[in-house]
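Please read the structure below before turning to the comments.
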Amino acid sequence: MAQDGPRRARDRLSAWAAAGPDDTAAARRVGRDASLLGRLLAAAAERNAGGRSHGMTPDDVGAEPVLFEDLRRQVDLPETQVVVESRSRGMDGRRIARYQGLNSSQAASRRPQRLMTRLDENRQGVRQGRKRSR
């Protein structure tokens with residue numbers, strides 16, 4: 001029952017997007033990277049189940065975490081912008097939390113702060129530096 005509101009909103013957004021212009025370049029990049037990640041994970045799972053390796057090298061597998069980081073970067077800013085827009089339209093923290101699938105308004109208010117911190121770290125190269133040093 002608690003998911004009915006977000007589900008209805010998602011259905012409305014899907015209908016709205018279908019009637020709008022073609023996808024933007026950013027949306028195509030996210031879709032491409034998510035699809036690539038899905039293919040890599042499926043190939044790895046098939047190999048682990050005793051199937052063929054699809055020619056994946058250790059470097060191919062090692063590149064997968066970079067895809068996650070790229071996807072995070074591509075969605076963090078728009079997510080933060082949507083939360084800011086929701087607040088500017090009068091939505092309270094509890095309502096935003098419900099749409100985000102979070103348990104409290106406090107969690108919803110902390111989320112954009114964490115996203116902005118992560119975006120800043122990416123811009124400054126802090127996250128990449130941490131990744132390389134491991």
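Residue numbering restarts at 1 in every chain; chains get A, B, ... in the order shown in the structure tokens, and ligands count up from 1 in that same order.
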Using only C-alpha atoms, find each residue in region 58-81 of chain A having at least one atom no more than 8 Å away from region 116-126 of chain A; report its shortest atom-to-atom pair and that distance in Å (one decimal), rows by chain then rising number, as a tab-separated table.
residue	atom	partner	partner_atom	distance
A:Arg73	CA	A:Leu119	CA	6.7
A:Asp76	CA	A:Leu119	CA	7.0
A:Leu77	CA	A:Leu119	CA	7.2
A:Thr80	CA	A:Met116	CA	7.3
**Request:** Go ahead and compute the interatomic distance for CA of Met91 (chain A) and CA of Ala107 (chain A), in Å to one decimal.
**Result:**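 Pair CA of Met91 (chain A) / CA of Ala107 (chain A) returns 14.8 Å.
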Contacts of Gln74 (chain A) at 12 Å (only C-alpha atoms; same-chain gap of 6+ positions) as a PDB file with N, CA and C atoms, in the first residue's frame:
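Result went into part-v4.pdb, see below:
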ATOM      1  N   ALA A  25      21.145  13.222 -24.371  1.00  0.00           N
ATOM      2  CA  ALA A  25      22.440  12.525 -24.430  1.00  0.00           C
ATOM      3  C   ALA A  25      22.770  11.907 -23.076  1.00  0.00           C
ATOM      4  N   ALA A  26      22.468  12.613 -21.990  1.00  0.00           N
ATOM      5  CA  ALA A  26      22.773  12.094 -20.649  1.00  0.00           C
ATOM      6  C   ALA A  26      22.000  10.811 -20.380  1.00  0.00           C
ATOM      7  N   ALA A  27      20.733  10.781 -20.753  1.00  0.00           N
ATOM      8  CA  ALA A  27      19.925   9.581 -20.538  1.00  0.00           C
ATOM      9  C   ALA A  27      20.452   8.424 -21.378  1.00  0.00           C
ATOM     10  N   ARG A  28      20.889   8.720 -22.587  1.00  0.00           N
ATOM     11  CA  ARG A  28      21.450   7.663 -23.436  1.00  0.00           C
ATOM     12  C   ARG A  28      22.738   7.113 -22.835  1.00  0.00           C
ATOM     13  N   ARG A  29      23.569   7.982 -22.256  1.00  0.00           N
ATOM     14  CA  ARG A  29      24.812   7.526 -21.617  1.00  0.00           C
ATOM     15  C   ARG A  29      24.511   6.611 -20.444  1.00  0.00           C
ATOM     16  N   VAL A  30      23.558   6.998 -19.607  1.00  0.00           N
ATOM     17  CA  VAL A  30      23.188   6.163 -18.461  1.00  0.00           C
ATOM     18  C   VAL A  30      22.681   4.812 -18.947  1.00  0.00           C
ATOM     19  N   GLY A  31      21.802   4.833 -19.946  1.00  0.00           N
ATOM     20  CA  GLY A  31      21.272   3.584 -20.487  1.00  0.00           C
ATOM     21  C   GLY A  31      22.362   2.702 -21.078  1.00  0.00           C
ATOM     22  N   ARG A  32      23.275   3.314 -21.804  1.00  0.00           N
ATOM     23  CA  ARG A  32      24.368   2.548 -22.419  1.00  0.00           C
ATOM     24  C   ARG A  32      25.249   1.912 -21.348  1.00  0.00           C
ATOM     25  N   ASP A  33      25.632   2.703 -20.330  1.00  0.00           N
ATOM     26  CA  ASP A  33      26.502   2.177 -19.275  1.00  0.00           C
ATOM     27  C   ASP A  33      25.800   1.095 -18.457  1.00  0.00           C
ATOM     28  N   ALA A  34      24.514   1.300 -18.163  1.00  0.00           N
ATOM     29  CA  ALA A  34      23.768   0.291 -17.402  1.00  0.00           C
ATOM     30  C   ALA A  34      23.643  -0.994 -18.213  1.00  0.00           C
ATOM     31  N   LEU A  67      32.475   1.385 -14.053  1.00  0.00           N
ATOM     32  CA  LEU A  67      31.129   1.611 -14.581  1.00  0.00           C
ATOM     33  C   LEU A  67      30.161   2.005 -13.470  1.00  0.00           C
ATOM     34  N   PHE A  68      30.259   1.352 -12.317  1.00  0.00           N
ATOM     35  CA  PHE A  68      29.401   1.719 -11.188  1.00  0.00           C
ATOM     36  C   PHE A  68      29.649   3.164 -10.785  1.00  0.00           C
ATOM     37  N   THR A  80      19.827  14.915  -6.948  1.00  0.00           N
ATOM     38  CA  THR A  80      19.900  16.050  -6.028  1.00  0.00           C
ATOM     39  C   THR A  80      19.016  17.190  -6.526  1.00  0.00           C
ATOM     40  N   LEU A 115      24.913  12.980  -1.457  1.00  0.00           N
ATOM     41  CA  LEU A 115      25.105  13.001  -2.905  1.00  0.00           C
ATOM     42  C   LEU A 115      26.012  14.162  -3.313  1.00  0.00           C
ATOM     43  N   ARG A 118      29.566  13.405  -2.438  1.00  0.00           N
ATOM     44  CA  ARG A 118      30.138  12.461  -3.393  1.00  0.00           C
ATOM     45  C   ARG A 118      30.449  13.154  -4.721  1.00  0.00           C
ATOM     46  N   LEU A 119      29.561  14.038  -5.184  1.00  0.00           N
ATOM     47  CA  LEU A 119      29.813  14.788  -6.413  1.00  0.00           C
ATOM     48  C   LEU A 119      31.050  15.671  -6.271  1.00  0.00           C
ATOM     49  N   ASN A 122      34.122  13.573  -6.424  1.00  0.00           N
ATOM     50  CA  ASN A 122      34.401  13.174  -7.812  1.00  0.00           C
ATOM     51  C   ASN A 122      35.042  14.310  -8.588  1.00  0.00           C
TER      52      ASN A 122
END
**Prompt:** What's the 10 Å shell around Glu79 (chain A), counting only C-alpha atoms, without same-chain residues fewer than 4 positions away, as a count of residues only?
**Reply:** 10
**Complete:** Among A:Tyr99, A:Gly93, A:Met56, A:Asp4, Leu40 (chain A) is approached most closely, using only C-alpha atoms, by A:Met56
